[in-house]
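Take a look at the structure set out below.
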Amino acid sequence: MITYKNIVDDFNSIATNHYQINSFHNGFLDEVDIDKMNTGNFPLLYVEPTANTIDSGVLTYSFNIYILDILKEDLSNREEVWSNTLQIIQDIVAEVKQNLSLQTSGGDSGKKFSYFSDEVVLELPITTEPITARFANILTGWTSNISLQVNNTNNLCDAPIEPSDETTGT
């Protein structure tokens, strides 16, 4: 079973191992004190949970993901920052979409090619929107809402609930 924590940990692994992402945060964006972050934290990957869907056989986790970087005061690097942060979003989408599990043959036998389990299915297409926010500095980048489907057995036998006398017939 793929849990919410598993998904967040996978995003954290991507941020930790991506050569352009310098930090990872999750939760609600308005809860983080971006003003206290130093420039070494950027670009950052921020993952914010949104509404999830529980359906027969499928659990869909939904997240807003943000890739944010610092703009110069005169905004002269805006196109460069938008270009770089959009490429990072594309890298994240590719990582989730191409979750190839473990290779079983060849020289890289056993090497993991994706941080996400092959049980996670990314819903496509993904729409990205530019975002700019003014804090102690000016941050810009892209935000996307992504949905990840995982198996959901909906099995009461797995729930840690004691059956009532009425359901057991005693």
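If you're wondering about the labels, chains in the structure tokens are A, B, ... by order shown, residues count from 1 in each chain, ligands from 1 in order shown.
Near Thr16 of chain A, within 12 Å and counting only C-alpha atoms, sit Asp9, Asp10, Phe11, Asn12, Ser13, Tyr19, Gln20, Ile21, Asn22, Ser23, Phe24, His25, Asn41, Pro43, Leu44, Leu45 and Tyr115 of chain A, not including residues fewer than 3 positions from it in the same chain.
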Dump N, CA, C and O atoms for the selected residues as a short mmCIF file (atom, residue, chain, number, x, y, z; two decimals), in the first residue's frame?
data_model
loop_
_atom_site.label_atom_id
_atom_site.label_comp_id
_atom_site.auth_asym_id
_atom_site.auth_seq_id
_atom_site.Cartn_x
_atom_site.Cartn_y
_atom_site.Cartn_z
N ASP A 9 7.79 11.36 0.81
CA ASP A 9 9.19 10.92 0.88
C ASP A 9 9.80 10.78 -0.52
O ASP A 9 10.97 11.11 -0.73
N ASP A 10 9.01 10.32 -1.50
CA ASP A 10 9.50 10.20 -2.87
C ASP A 10 9.80 11.57 -3.46
O ASP A 10 10.84 11.76 -4.12
N PHE A 11 8.93 12.55 -3.22
CA PHE A 11 9.22 13.91 -3.68
C PHE A 11 10.47 14.46 -3.01
O PHE A 11 11.30 15.11 -3.65
N ASN A 12 10.63 14.18 -1.73
CA ASN A 12 11.83 14.61 -1.02
C ASN A 12 13.08 13.99 -1.63
O ASN A 12 14.11 14.64 -1.79
N SER A 13 13.00 12.72 -2.00
CA SER A 13 14.14 12.04 -2.63
C SER A 13 14.50 12.69 -3.96
O SER A 13 15.67 12.86 -4.29
N TYR A 19 20.05 17.86 -9.27
CA TYR A 19 21.20 18.76 -9.18
C TYR A 19 20.83 20.24 -9.12
O TYR A 19 21.65 21.06 -8.73
N GLN A 20 19.60 20.61 -9.48
CA GLN A 20 19.22 22.02 -9.47
C GLN A 20 18.35 22.39 -8.28
O GLN A 20 18.20 23.58 -7.98
N ILE A 21 17.75 21.44 -7.60
CA ILE A 21 16.87 21.74 -6.46
C ILE A 21 17.72 21.77 -5.19
O ILE A 21 18.45 20.83 -4.90
N ASN A 22 17.59 22.86 -4.44
CA ASN A 22 18.42 23.01 -3.24
C ASN A 22 17.69 22.74 -1.94
O ASN A 22 18.33 22.64 -0.89
N SER A 23 16.36 22.65 -1.97
CA SER A 23 15.65 22.30 -0.74
C SER A 23 14.25 21.79 -1.05
O SER A 23 13.72 22.01 -2.14
N PHE A 24 13.68 21.10 -0.07
CA PHE A 24 12.35 20.52 -0.18
C PHE A 24 11.55 20.91 1.05
O PHE A 24 12.06 20.88 2.18
N HIS A 25 10.29 21.27 0.80
CA HIS A 25 9.37 21.55 1.90
C HIS A 25 8.00 21.02 1.51
O HIS A 25 7.68 20.95 0.31
N ASN A 41 18.68 28.11 -0.25
CA ASN A 41 17.56 27.17 -0.29
C ASN A 41 16.86 27.12 -1.65
O ASN A 41 15.96 26.32 -1.85
N PRO A 43 16.81 27.06 -6.01
CA PRO A 43 15.40 26.76 -6.19
C PRO A 43 14.93 25.70 -5.20
O PRO A 43 15.69 24.85 -4.78
N LEU A 44 13.64 25.79 -4.86
CA LEU A 44 13.08 24.82 -3.93
C LEU A 44 11.88 24.12 -4.55
O LEU A 44 11.21 24.67 -5.43
N LEU A 45 11.67 22.89 -4.10
CA LEU A 45 10.48 22.12 -4.45
C LEU A 45 9.58 22.17 -3.24
O LEU A 45 9.99 21.80 -2.14
N TYR A 115 12.37 7.16 -8.19
CA TYR A 115 12.11 7.21 -6.76
C TYR A 115 10.69 6.80 -6.44
O TYR A 115 10.37 6.47 -5.31
#
- Please give the complete set of residues from segment 31-97 of chain A that DSSP, run on the backbone, assigns to helix (DSSP H, G or I), formatted as a ChimeraX atom specification. /A:31,34-36,39-41,78-97
- Hey, what's within 9 Å of segment 61-77 of chain A if we count only C-alpha atoms and toss same-chain stuff fewer than 2 positions away? As JSON, numbers by chain, please? {"A": [4, 7, 21, 39, 41, 42, 43, 44, 45, 46, 47, 48, 49, 50, 51, 52, 53, 54, 59, 79, 80, 81, 82, 85, 86, 88, 89, 131, 132, 137, 138, 139, 140, 141, 142, 143, 144, 145, 146, 147, 148, 149, 150]}
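A straight line drawn from atom CA of Ile92 of chain A to atom CA of Ser56 of chain A is 27.9 Å long.
Between Gly57 of chain A and the candidates A:Ala133, A:Val93, A:Asn152, A:Leu122, the tightest atom-to-atom separation, counting only C-alpha atoms, involves A:Asn152.
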- Message: For a test of reading the model, state the distance in Å between atom CA of Val121 of chain A and atom CA of Asn151 of chain A, rounded to one decimal.
- Response: 9.4 Å
- Message: Could you go through chain A and tell me which residues DSSP, when run on the backbone, assigns to strand (DSSP E), listing them as a PyMOL selection string?
- Response: chain A and resi 23-26+44-49+53-55+57-71+121-122+128-134+138-152
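You will find atom CA of Ser117 of chain A at 16.4 Å from atom CA of Asp91 of chain A.
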